[in-house]
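J.: Structure file coords_26.txt, compact mmCIF, C-alpha atoms, is pasted below:
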```txt
# COMPACT_ATOMS: atom_id res chain seq x y z
CA MET A 1 106.59 110.76 54.21
CA LYS A 2 104.31 113.56 55.41
CA LYS A 3 106.09 116.45 57.08
CA PRO A 4 105.15 116.92 60.76
CA ALA A 5 103.56 120.10 62.04
CA LYS A 6 105.64 122.21 64.38
CA LEU A 7 104.18 123.90 67.44
CA ASP A 8 106.05 126.42 69.58
CA ILE A 9 104.98 126.60 73.24
CA ASP A 10 106.94 128.83 75.60
CA GLY A 11 109.94 128.77 73.30
CA LYS A 12 110.03 124.98 72.98
CA GLU A 13 109.21 123.36 69.66
CA TYR A 14 107.15 120.19 69.37
CA GLU A 15 106.65 118.07 66.27
CA LEU A 16 103.21 116.60 65.70
CA PRO A 17 102.29 114.06 63.01
CA THR A 18 100.04 115.19 60.16
CA VAL A 19 97.23 113.13 58.70
CA VAL A 20 95.79 113.33 55.17
CA GLY A 21 92.45 111.75 54.24
CA THR A 22 91.61 110.11 50.92
CA GLU A 23 89.99 113.35 49.69
CA GLY A 24 92.94 115.48 50.72
CA GLU A 25 91.60 116.61 54.10
CA LYS A 26 94.48 117.57 56.37
CA GLY A 27 94.75 117.22 60.10
CA VAL A 28 97.29 117.52 62.88
CA ASP A 29 97.46 114.55 65.25
CA VAL A 30 97.61 116.07 68.74
CA SER A 31 97.08 112.81 70.63
CA SER A 32 100.60 112.95 72.06
CA LEU A 33 100.63 116.70 72.73
CA ARG A 34 99.79 116.50 76.44
CA ALA A 35 102.35 113.80 77.10
CA GLN A 36 105.03 115.91 75.42
CA SER A 37 104.15 119.40 76.61
CA GLN A 38 101.50 119.14 79.40
CA CYS A 39 99.22 121.19 77.11
CA ILE A 40 95.92 120.24 75.52
CA THR A 41 93.99 121.80 72.65
CA LEU A 42 90.83 123.79 73.43
CA ASP A 43 88.06 123.81 70.83
CA GLU A 44 84.65 124.49 72.36
CA GLY A 45 81.94 122.88 70.27
CA TYR A 46 84.55 120.73 68.47
CA ALA A 47 84.19 122.86 65.33
CA ASN A 48 87.81 122.19 64.30
CA THR A 49 88.43 118.91 66.10
CA GLY A 50 88.52 115.56 64.34
CA SER A 51 87.32 112.96 66.86
CA CYS A 52 88.00 109.94 64.66
CA LYS A 53 89.01 108.55 61.31
CA SER A 54 85.94 107.32 59.45
CA ALA A 55 85.32 105.63 56.11
CA ILE A 56 81.55 106.17 56.06
CA THR A 57 80.59 109.66 54.91
CA TYR A 58 82.47 112.47 53.20
CA ILE A 59 81.37 116.11 53.29
CA ASP A 60 83.00 119.08 51.60
CA GLY A 61 81.08 122.02 53.00
CA GLU A 62 82.85 124.57 50.81
CA ARG A 63 81.86 122.82 47.58
CA GLY A 64 78.52 121.42 48.74
CA ILE A 65 79.48 117.74 48.43
CA LEU A 66 77.97 114.80 50.33
CA ARG A 67 78.91 111.18 49.62
CA TYR A 68 78.03 107.91 51.36
CA ARG A 69 80.92 105.44 51.07
CA GLY A 70 82.17 107.49 48.12
CA ILE A 71 78.86 107.59 46.21
CA PRO A 72 77.36 111.07 45.64
CA ILE A 73 74.09 111.69 47.45
CA GLU A 74 72.55 112.85 44.16
CA GLU A 75 73.01 109.38 42.63
CA LEU A 76 71.65 107.56 45.67
CA ALA A 77 68.59 109.82 45.90
CA GLU A 78 67.79 109.23 42.24
CA LYS A 79 68.65 105.55 41.82
CA SER A 80 68.72 103.84 45.22
CA SER A 81 66.24 103.01 47.97
CA PHE A 82 66.53 103.61 51.69
CA VAL A 83 67.05 99.92 52.44
CA GLU A 84 69.80 99.61 49.82
CA THR A 85 71.42 102.80 51.12
CA ALA A 86 71.27 101.45 54.67
CA TYR A 87 73.13 98.31 53.56
CA LEU A 88 75.74 100.46 51.79
CA LEU A 89 76.37 102.54 54.92
CA ILE A 90 76.57 99.61 57.31
CA TYR A 91 78.57 97.15 55.21
CA GLY A 92 80.55 99.50 52.97
CA GLU A 93 79.39 98.30 49.54
CA LEU A 94 76.17 98.23 47.54
CA PRO A 95 74.57 94.80 47.95
CA THR A 96 74.32 92.08 45.33
CA ARG A 97 70.82 90.81 44.55
CA ALA A 98 71.26 87.96 47.02
CA GLN A 99 72.63 90.24 49.74
CA PHE A 100 69.79 92.72 49.23
CA ARG A 101 67.21 89.92 49.37
CA ASP A 102 68.69 88.53 52.59
CA PHE A 103 68.89 91.98 54.17
CA SER A 104 65.29 92.82 53.21
CA ASN A 105 64.08 89.46 54.49
CA SER A 106 65.89 90.07 57.78
CA LEU A 107 64.14 93.44 58.15
CA THR A 108 60.79 91.74 57.55
CA GLU A 109 61.54 88.95 60.03
CA ASN A 110 62.37 91.52 62.72
CA GLU A 111 59.69 94.14 62.12
CA ASN A 112 57.30 93.05 64.87
CA LEU A 113 57.79 94.09 68.48
CA HIS A 114 57.51 91.61 71.31
CA GLU A 115 53.85 91.58 72.33
CA ASP A 116 54.69 92.56 75.89
CA MET A 117 56.10 95.83 74.53
CA LYS A 118 52.51 97.03 74.13
CA TYR A 119 52.24 97.36 77.90
CA HIS A 120 55.16 99.78 77.86
CA PHE A 121 53.32 102.02 75.41
CA GLU A 122 50.32 102.05 77.73
CA GLY A 123 52.49 103.49 80.49
CA PHE A 124 53.10 106.75 78.62
CA PRO A 125 50.62 109.62 78.94
CA TYR A 126 48.95 110.70 75.69
CA THR A 127 50.89 113.97 75.98
CA ALA A 128 54.28 112.20 75.80
CA HIS A 129 56.50 113.45 73.00
CA PRO A 130 57.15 110.74 70.37
CA MET A 131 60.92 111.21 70.74
CA ALA A 132 60.71 110.41 74.46
CA ILE A 133 58.77 107.26 73.64
CA LEU A 134 61.17 106.35 70.83
CA SER A 135 64.33 106.55 72.95
CA SER A 136 62.69 104.70 75.85
CA MET A 137 61.27 101.94 73.68
CA ILE A 138 64.53 101.34 71.80
CA ASN A 139 66.19 100.70 75.15
CA ALA A 140 63.26 98.59 76.34
CA SER A 141 63.28 96.52 73.16
CA SER A 142 66.77 95.26 73.87
CA CYS A 143 65.55 93.76 77.15
CA PHE A 144 63.39 91.28 75.25
CA TYR A 145 66.35 89.85 73.32
CA PRO A 146 69.04 89.18 75.94
CA GLY A 147 70.89 86.86 73.56
CA LEU A 148 71.76 89.83 71.38
CA MET A 149 73.55 91.60 74.20
CA GLY A 150 76.29 88.99 74.71
CA THR A 151 79.79 88.86 73.29
CA ARG A 152 79.74 90.59 69.92
CA ASP A 153 80.15 88.60 66.70
CA SER A 154 79.26 89.38 63.09
CA GLN A 155 76.15 87.21 62.96
CA ARG A 156 74.76 88.66 66.18
CA PHE A 157 75.49 92.17 64.93
CA ASP A 158 73.61 91.51 61.67
CA VAL A 159 70.50 90.57 63.65
CA GLN A 160 70.93 93.56 65.97
CA ALA A 161 71.22 95.96 63.03
CA SER A 162 68.22 94.49 61.19
CA ARG A 163 66.08 94.49 64.29
CA LEU A 164 66.92 98.10 65.13
CA ILE A 165 66.40 99.48 61.60
CA SER A 166 63.14 97.57 61.24
CA GLN A 167 61.67 98.14 64.68
CA VAL A 168 62.43 101.86 64.89
CA ARG A 169 59.65 102.53 62.36
CA THR A 170 57.28 100.16 64.20
CA ILE A 171 57.96 101.95 67.49
CA ALA A 172 57.53 105.33 65.79
CA ALA A 173 54.20 104.38 64.25
CA PHE A 174 52.93 102.85 67.49
CA SER A 175 53.89 105.99 69.40
CA TYR A 176 51.98 108.15 66.91
CA ARG A 177 48.89 105.94 67.22
CA LYS A 178 49.19 106.07 71.00
CA SER A 179 49.30 109.89 71.00
CA ARG A 180 46.10 109.97 68.94
CA GLY A 181 44.25 107.33 70.95
CA LEU A 182 44.13 105.07 67.88
CA PRO A 183 44.45 101.27 67.83
CA ILE A 184 47.83 99.82 66.88
CA ILE A 185 48.30 98.73 63.27
CA TYR A 186 50.72 95.85 62.77
CA PRO A 187 53.22 95.70 59.88
CA LYS A 188 52.46 93.69 56.77
CA PRO A 189 55.22 91.37 55.50
CA LEU A 190 54.32 92.04 51.85
CA TYR A 191 54.98 95.78 52.14
CA LYS A 192 58.40 97.31 51.61
CA TYR A 193 60.10 99.37 54.31
CA THR A 194 58.63 102.84 53.74
CA GLU A 195 55.28 101.48 52.58
CA ASN A 196 54.98 99.57 55.84
CA PHE A 197 55.72 102.65 57.92
CA LEU A 198 52.97 104.63 56.17
CA HIS A 199 50.62 101.67 56.55
CA MET A 200 51.26 101.45 60.32
CA MET A 201 50.87 105.22 60.68
CA PHE A 202 47.70 105.86 58.71
CA SER A 203 45.71 102.66 58.07
CA ASP A 204 42.45 101.98 59.89
CA VAL A 205 41.64 98.64 61.46
CA TYR A 206 39.42 97.64 58.52
CA LEU A 207 40.71 99.94 55.79
CA ASP A 208 44.30 100.08 54.58
CA TYR A 209 45.96 103.41 53.81
CA GLU A 210 46.22 104.11 50.07
CA LEU A 211 49.91 103.84 49.24
CA LYS A 212 50.54 106.37 46.48
CA PRO A 213 53.92 105.78 44.76
CA GLU A 214 54.83 109.49 44.78
CA VAL A 215 54.21 109.69 48.55
CA VAL A 216 56.21 106.54 49.25
CA ARG A 217 59.09 107.75 47.10
CA ALA A 218 59.12 111.21 48.68
CA LEU A 219 59.37 109.79 52.21
CA ASP A 220 61.93 107.19 51.13
CA THR A 221 64.05 110.01 49.70
CA ILE A 222 63.83 111.91 52.99
CA PHE A 223 65.12 108.78 54.74
CA ILE A 224 68.02 108.51 52.26
CA LEU A 225 69.00 112.17 52.62
CA HIS A 226 69.07 111.85 56.41
CA ALA A 227 70.76 108.43 56.57
CA ASP A 228 74.13 109.83 57.65
CA HIS A 229 75.89 113.16 57.91
CA GLU A 230 79.37 112.63 59.29
CA GLN A 231 80.17 113.56 62.92
CA ASN A 232 77.09 115.58 63.85
CA CYS A 233 75.84 115.89 67.43
CA SER A 234 73.77 112.68 67.55
CA THR A 235 76.27 110.55 65.63
CA SER A 236 79.11 111.74 67.86
CA THR A 237 76.92 110.83 70.83
CA VAL A 238 76.41 107.31 69.47
CA ARG A 239 80.16 106.90 69.02
CA MET A 240 80.81 108.24 72.51
CA VAL A 241 78.43 105.73 74.08
CA ALA A 242 79.69 102.90 71.85
CA SER A 243 83.25 103.58 73.01
CA SER A 244 82.23 102.46 76.52
CA GLN A 245 81.21 99.11 74.97
CA ALA A 246 77.54 99.78 75.59
CA ASN A 247 75.24 97.74 73.36
CA LEU A 248 73.87 98.96 70.03
CA PHE A 249 70.37 99.69 71.37
CA ALA A 250 71.67 101.82 74.24
CA SER A 251 73.94 103.73 71.85
CA ALA A 252 71.11 104.36 69.39
CA ALA A 253 68.75 105.47 72.19
CA ALA A 254 71.38 108.03 73.21
CA GLY A 255 71.49 109.21 69.59
CA VAL A 256 67.73 109.75 69.66
CA CYS A 257 68.05 111.91 72.78
CA ALA A 258 70.76 114.06 71.15
CA LEU A 259 68.72 114.38 67.95
CA TRP A 260 65.70 115.61 69.90
CA GLY A 261 67.28 119.04 70.47
CA PRO A 262 65.81 121.92 68.44
CA LEU A 263 69.27 122.90 67.16
CA HIS A 264 69.67 119.44 65.64
CA GLY A 265 66.74 117.25 64.60
CA GLY A 266 64.05 119.76 65.50
CA ALA A 267 65.07 122.30 62.86
CA ASN A 268 62.50 121.22 60.23
CA GLN A 269 59.73 121.62 62.81
CA ALA A 270 61.00 125.15 63.47
CA VAL A 271 60.79 125.92 59.74
CA ILE A 272 57.11 124.99 59.59
CA SER A 273 56.42 127.04 62.70
CA MET A 274 58.15 130.04 61.10
CA LEU A 275 56.21 129.69 57.84
CA GLU A 276 52.91 129.33 59.70
CA ASP A 277 53.62 132.52 61.69
CA ILE A 278 54.47 134.39 58.50
CA HIS A 279 51.28 133.20 56.79
CA GLU A 280 49.06 134.04 59.76
CA SER A 281 50.50 137.56 59.86
CA GLY A 282 49.50 138.16 56.24
CA ASP A 283 53.11 138.41 55.11
CA ASP A 284 54.46 136.76 51.94
CA GLY A 285 57.89 136.47 53.55
CA SER A 286 59.19 139.90 52.51
CA ARG A 287 58.67 141.59 55.87
CA PHE A 288 60.13 138.62 57.70
CA ILE A 289 63.24 138.62 55.49
CA ALA A 290 63.74 142.33 56.21
CA ALA A 291 63.32 141.75 59.95
CA ALA A 292 65.77 138.83 59.91
CA LYS A 293 68.43 141.19 58.52
CA ASP A 294 67.84 143.71 61.31
CA LYS A 295 70.22 143.07 64.22
CA LYS A 296 67.71 144.63 66.61
CA SER A 297 64.97 142.19 65.57
CA SER A 298 64.34 138.85 67.28
CA LYS A 299 63.31 137.26 63.98
CA ARG A 300 65.53 134.39 62.87
CA LEU A 301 65.45 132.80 59.44
CA MET A 302 65.05 129.06 60.02
CA GLY A 303 66.16 126.49 57.44
CA PHE A 304 68.98 128.64 56.07
CA GLY A 305 72.68 128.15 56.70
CA HIS A 306 74.48 125.12 58.07
CA ARG A 307 77.31 124.44 60.52
CA VAL A 308 79.25 122.55 57.82
CA TYR A 309 77.96 123.73 54.44
CA LYS A 310 79.24 127.09 53.27
CA ASN A 311 77.61 126.45 49.92
CA TYR A 312 74.18 125.19 48.88
CA ASP A 313 73.29 122.08 50.89
CA PRO A 314 73.24 119.33 48.21
CA ARG A 315 70.34 117.66 50.00
CA ALA A 316 68.30 120.86 49.70
CA ARG A 317 68.58 120.84 45.89
CA ILE A 318 67.29 117.27 45.81
CA ILE A 319 64.47 117.71 48.30
CA LYS A 320 63.19 120.89 46.65
CA LYS A 321 62.56 118.92 43.43
CA VAL A 322 60.92 116.12 45.42
CA CYS A 323 58.71 118.66 47.16
CA ASP A 324 57.59 120.25 43.88
CA ARG A 325 56.82 116.86 42.30
CA LEU A 326 54.88 115.63 45.32
CA LEU A 327 52.67 118.68 45.70
CA ASN A 328 51.98 118.75 41.96
CA SER A 329 51.08 115.05 41.89
CA LEU A 330 48.80 115.42 44.91
CA ASN A 331 47.33 118.61 43.46
CA ILE A 332 48.09 120.42 46.70
CA SER A 333 48.32 124.19 46.81
CA ASP A 334 50.17 124.96 50.02
CA PRO A 335 50.51 128.66 50.90
CA LEU A 336 53.52 127.75 53.06
CA LEU A 337 55.30 126.42 49.97
CA ASP A 338 54.62 129.69 48.14
CA ILE A 339 56.12 131.60 51.06
CA ALA A 340 59.10 129.25 51.19
CA LYS A 341 59.81 129.71 47.47
CA LYS A 342 59.52 133.48 47.80
CA MET A 343 61.91 133.53 50.75
CA GLU A 344 64.41 131.26 49.00
CA GLU A 345 64.41 133.39 45.84
CA THR A 346 64.82 136.59 47.86
CA ALA A 347 67.62 135.22 50.03
CA LEU A 348 69.60 133.77 47.11
CA ASN A 349 69.60 137.18 45.43
CA ASP A 350 70.19 139.30 48.52
CA ASP A 351 73.78 140.36 49.22
CA TYR A 352 73.18 140.10 52.97
CA PHE A 353 72.53 136.35 52.78
CA VAL A 354 74.92 135.62 49.91
CA GLU A 355 77.86 137.25 51.70
CA ARG A 356 77.10 135.24 54.82
CA LYS A 357 76.62 132.05 52.75
CA LEU A 358 73.16 131.50 54.19
CA TYR A 359 71.71 129.06 51.67
CA PRO A 360 68.64 126.85 52.18
CA ASN A 361 69.39 123.56 53.92
CA VAL A 362 67.56 120.22 53.90
CA ASP A 363 65.22 121.29 56.72
CA PHE A 364 63.74 124.08 54.65
CA TYR A 365 61.64 121.77 52.44
CA SER A 366 61.48 118.46 54.32
CA GLY A 367 58.83 119.78 56.71
CA ILE A 368 56.58 120.83 53.82
CA ILE A 369 56.81 117.33 52.33
CA MET A 370 55.90 115.69 55.62
CA ARG A 371 53.09 118.18 56.14
CA ALA A 372 51.71 117.26 52.68
CA ILE A 373 51.86 113.55 53.52
CA GLY A 374 49.93 114.18 56.73
CA ILE A 375 52.72 113.61 59.23
CA PRO A 376 52.18 115.94 62.23
CA THR A 377 54.96 118.30 63.26
CA GLU A 378 55.70 116.49 66.53
CA MET A 379 56.68 113.46 64.40
CA PHE A 380 59.15 115.33 62.18
CA THR A 381 62.14 114.60 64.40
CA VAL A 382 61.07 110.96 64.66
CA ILE A 383 61.18 110.71 60.86
CA PHE A 384 64.70 112.13 61.04
CA ALA A 385 65.63 109.43 63.59
CA ILE A 386 64.29 106.63 61.39
CA GLY A 387 66.37 107.92 58.49
CA ARG A 388 69.50 108.42 60.59
CA MET A 389 69.46 104.93 62.13
CA PRO A 390 71.71 103.30 59.45
CA GLY A 391 74.29 106.04 59.97
CA TRP A 392 74.27 105.53 63.73
CA ILE A 393 74.63 101.79 63.28
CA SER A 394 77.49 102.28 60.81
CA ASN A 395 79.35 104.53 63.21
CA TYR A 396 78.71 102.16 66.11
CA LYS A 397 80.13 99.32 64.02
CA GLU A 398 83.18 101.38 63.11
CA VAL A 399 83.93 102.06 66.78
CA VAL A 400 83.51 98.49 68.04
CA ASP A 401 85.33 96.96 65.04
CA ASN A 402 88.40 99.11 65.63
CA PRO A 403 90.94 97.05 67.64
CA ARG A 404 92.62 100.29 68.76
CA SER A 405 89.37 101.88 69.96
CA ARG A 406 89.52 103.45 73.41
CA ILE A 407 86.79 104.94 75.55
CA TYR A 408 86.15 108.55 74.54
CA ARG A 409 87.32 110.85 77.28
CA PRO A 410 87.77 114.55 76.35
CA ARG A 411 89.88 116.84 78.52
CA GLN A 412 88.95 120.29 79.81
CA ILE A 413 90.46 123.56 80.96
CA TYR A 414 89.36 124.08 84.56
CA VAL A 415 88.25 127.66 85.36
CA GLY A 416 86.60 127.12 88.78
CA GLU A 417 87.68 127.97 92.31
CA LYS A 418 91.22 127.31 93.49
CA GLU A 419 91.72 125.01 96.46
CA ARG A 420 89.63 125.98 99.47
CA HIS A 421 88.46 124.18 102.59
CA TYR A 422 85.25 122.93 104.06
CA VAL A 423 83.39 125.38 106.34
CA PRO A 424 81.00 123.99 109.00
CA VAL A 425 77.35 124.89 108.50
CA ASP A 426 77.13 127.10 111.61
CA GLU A 427 80.03 129.26 110.41
CA ARG A 428 78.47 129.48 106.93
CA THR A 429 75.13 130.53 108.44
CA ALA A 430 76.73 133.12 110.75
CA LYS A 431 78.68 134.58 107.86
CA VAL A 432 75.52 134.96 105.78
CA LYS A 433 73.63 136.63 108.65
CA LYS A 434 76.52 139.00 109.26
CA SER A 435 76.68 140.01 105.63
CA ARG A 436 73.01 141.01 105.78
```
Translate this structure into structure tokens?
T.:
Amino acid sequence: MKKPAKLDIDGKEYELPTVVGTEGEKGVDVSSLRAQSQCITLDEGYANTGSCKSAITYIDGERGILRYRGIPIEELAEKSSFVETAYLLIYGELPTRAQFRDFSNSLTENENLHEDMKYHFEGFPYTAHPMAILSSMINASSCFYPGLMGTRDSQRFDVQASRLISQVRTIAAFSYRKSRGLPIIYPKPLYKYTENFLHMMFSDVYLDYELKPEVVRALDTIFILHADHEQNCSTSTVRMVASSQANLFASAAAGVCALWGPLHGGANQAVISMLEDIHESGDDGSRFIAAAKDKKSSKRLMGFGHRVYKNYDPRARIIKKVCDRLLNSLNISDPLLDIAKKMEETALNDDYFVERKLYPNVDFYSGIIMRAIGIPTEMFTVIFAIGRMPGWISNYKEVVDNPRSRIYRPRQIYVGEKERHYVPVDERTAKVKKSR
């Protein structure tokens, strides 16, 4: 029996249950605190608040560990595929051959958008950001399949999940083509998941894009590394919306909107922007590093440090190797990569960054990979969303499958005006004139 935690408030002691996770994580269950004491906990930004119990992803930020359903990210990145990883996240186990075949076939069967969806794309201006189109079109897509929005059952969910994972890449590719004034390229059933996305992005009407294995594998690895990451901003948003019993498409569209923020999914785009500015200034990164250490400077080192990891981001180790292999295989000499390597080496050996545990994160190299593939910077966050979709679906499923699930409803500490009374407009106006 776990010993309860004891909390003293105004001389009165309260006992609160303690919770221990399978990896030894400890928590204090404060769900009954307000009922007992009329007090709530205050944790702005939820940095120390556990919003749920989850069996999907485990992170140990101090030791630099990331596991999906117990399997280390290093093993999945080396041995698995994005589709297999998606199945693992959603259903809890790696699939058998038959399960994998059925899941892959379901993705293929659901990869095409309803033809009338094309008219929705035509309604966006060419200047529309792909993330705005993505969130809108995910919501719109659900309108064409009203049967999926009824009472939830496992079979209906399987179709929902397959359709969302498959169509998110189709929507993303169509939105890219729209922004460039290019004709839409439809998916090919013979292509695998990531191959099909590259085909829809870059093929011409009469000439298919050359699918190089090293390019396909690099992008597939990016999808795997982004597939889930515990209770981050967008995933928490998905769970919040799911708790209201909104449908899967609405919940995922909300996740896209949360991911769009530059402090979340837009970080890899910020890294490329930083490296481009450094290169254009004639710097090799040294002057920028020095400026980033100066408190008076406005320079900020992007792609270093993480809200959770206080050690080297395990995804960064993987993606750095992928980046090196890709650029070597494509025979690309990218000055931004040279700057990135110089900055990483300097930061890892500089006491200023080491003491603050500012290590490279996954965003530091992912942008360089996408740049090498030919994906424009405005699509970087969309790539993130495609990769994160299985994680959002897994968390949605966990919420709606929980028989004890309740609508999420955080409390607050009110710091506004005390009670006051309505003042007629004439009196308000006279008071303002008098004060002048």
J.: Considering only C-alpha atoms, state which residue in the set A:Asn105, A:Gln412, A:Asn328, A:Ser37 is at the smallest distance from Leu7 in chain A.
T.: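 So, comparing all the options, the nearest one is A:Ser37.
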J.: CA of Ile383 in chain A to CA of Leu259 in chain A: how many Å, to one decimal?
T.: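 Straight-line distance from CA of Ile383 in chain A to CA of Leu259 in chain A works out to 11.0 Å.
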J.: Between CA of Tyr176 in chain A and CA of Lys397 in chain A, what distance in Å does the model show, to one decimal?
T.: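 Atom-to-atom, CA of Tyr176 in chain A and CA of Lys397 in chain A are spaced 29.6 Å apart.
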J.: Show me, as number ranges by chain, the residues that have an atom within 12 Å of Ser166 in chain A when counting all atoms listed in the file, minus same-chain residues fewer than 5 positions from it.
T.: A: 82-83, 86, 103-113, 138, 141, 159-161, 171-173, 187, 189, 192-194, 196-197, 386-387, 389-390
J.: Would you compute the distance between CA of Gly261 in chain A and CA of Ser136 in chain A? Give it in Å to one decimal.
T.: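 One can read the CA of Gly261 in chain A to CA of Ser136 in chain A distance as 16.0 Å.
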J.: Do a neighbour search on range 209-219 of chain A at 9 Å with all atoms listed in the file, toss out local chain neighbours closer than 2 positions, and write the hits as an MDAnalysis selection string.
T.: chainID A and resid 81 194:195 198:204 207 221:224 319 322:323 325:326 329:330 369:370 372:373 383
J.: Which residue, A:Arg69, A:Arg317, A:Lys342, A:Lys79, has the smallest gap to Tyr91 in chain A when you use all atoms listed in the file?
T.: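 Using all atoms listed in the file, the shortest distance to Tyr91 in chain A belongs to A:Arg69.
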J.: In terms of the shortest atom-to-atom distance over all atoms listed in the file, which of A:Pro146, A:Pro335, A:Pro95, A:Pro125 is closest to Ile278 in chain A?
T.: A:Pro335
J.: Find the spatial neighbours of Gly391 in chain A, counting only C-alpha atoms, within a cut-off of 9 Å - ignore same-chain residues fewer than 2 positions away - and output them as a list in words.
T.: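 The filter keeps Ile56, Thr57, Ala86, Leu89, Ile90, His226, Ala227, Asp228, His229, Glu230, Thr235, Gly387, Arg388, Met389, Ile393, Ser394, Asn395 and Tyr396 of chain A.
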J.: Please list as a compact mmCIF listing (two decimals) with C-alpha atoms, in the frame of the given file every residue within 7 Å of range 238-241 of chain A, counting only C-alpha atoms and excluding residues in the same chain fewer than 3 positions away.
T.:
```
# COMPACT_ATOMS: atom_id res chain seq x y z
CA SER A 234 73.77 112.68 67.55
CA THR A 235 76.27 110.55 65.63
CA SER A 244 82.23 102.46 76.52
CA ALA A 246 77.54 99.78 75.59
CA SER A 251 73.94 103.73 71.85
CA ALA A 252 71.11 104.36 69.39
CA ALA A 254 71.38 108.03 73.21
CA GLY A 255 71.49 109.21 69.59
CA TRP A 392 74.27 105.53 63.73
CA ASN A 395 79.35 104.53 63.21
CA TYR A 396 78.71 102.16 66.11
CA VAL A 399 83.93 102.06 66.78
CA TYR A 408 86.15 108.55 74.54
```
J.: Return the single residue from A:Ala98, A:Asn402, A:Ala132, A:Pro4 that is closest to Ala253 in chain A, with distances computed using only C-alpha atoms.
T.: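 Residue with the minimum atom-to-atom distance to Ala253 in chain A: A:Ala132.
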J.: Give the answer as one residue: which of A:Asp102, A:Ala316, A:Tyr352, A:Cys257 has the shortest atom-to-atom distance to Asp294 in chain A, using all atoms listed in the file?
T.: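 Of A:Asp102, A:Ala316, A:Tyr352, A:Cys257, the one nearest Asp294 in chain A, counting all atoms listed in the file, is A:Tyr352.
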J.: Given 6 Å of margin on each side, can you work out the centre and size in Å (one decimal) of an axis-aligned box holding every listed atom of range 291-299 of chain A, as AutoDock Vina command-line options?
T.:
```
--center_x 66.8 --center_y 140.9 --center_z 62.9 --size_x 18.9 --size_y 19.4 --size_z 20.8
```
J.: Name the closest residue to Phe174 in chain A among the candidates A:Tyr312, A:Tyr58, A:Tyr186, A:Trp260; distances are taken between atoms, counting all atoms listed in the file.
T.: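 Closest to Phe174 in chain A of all the choices is A:Tyr186.
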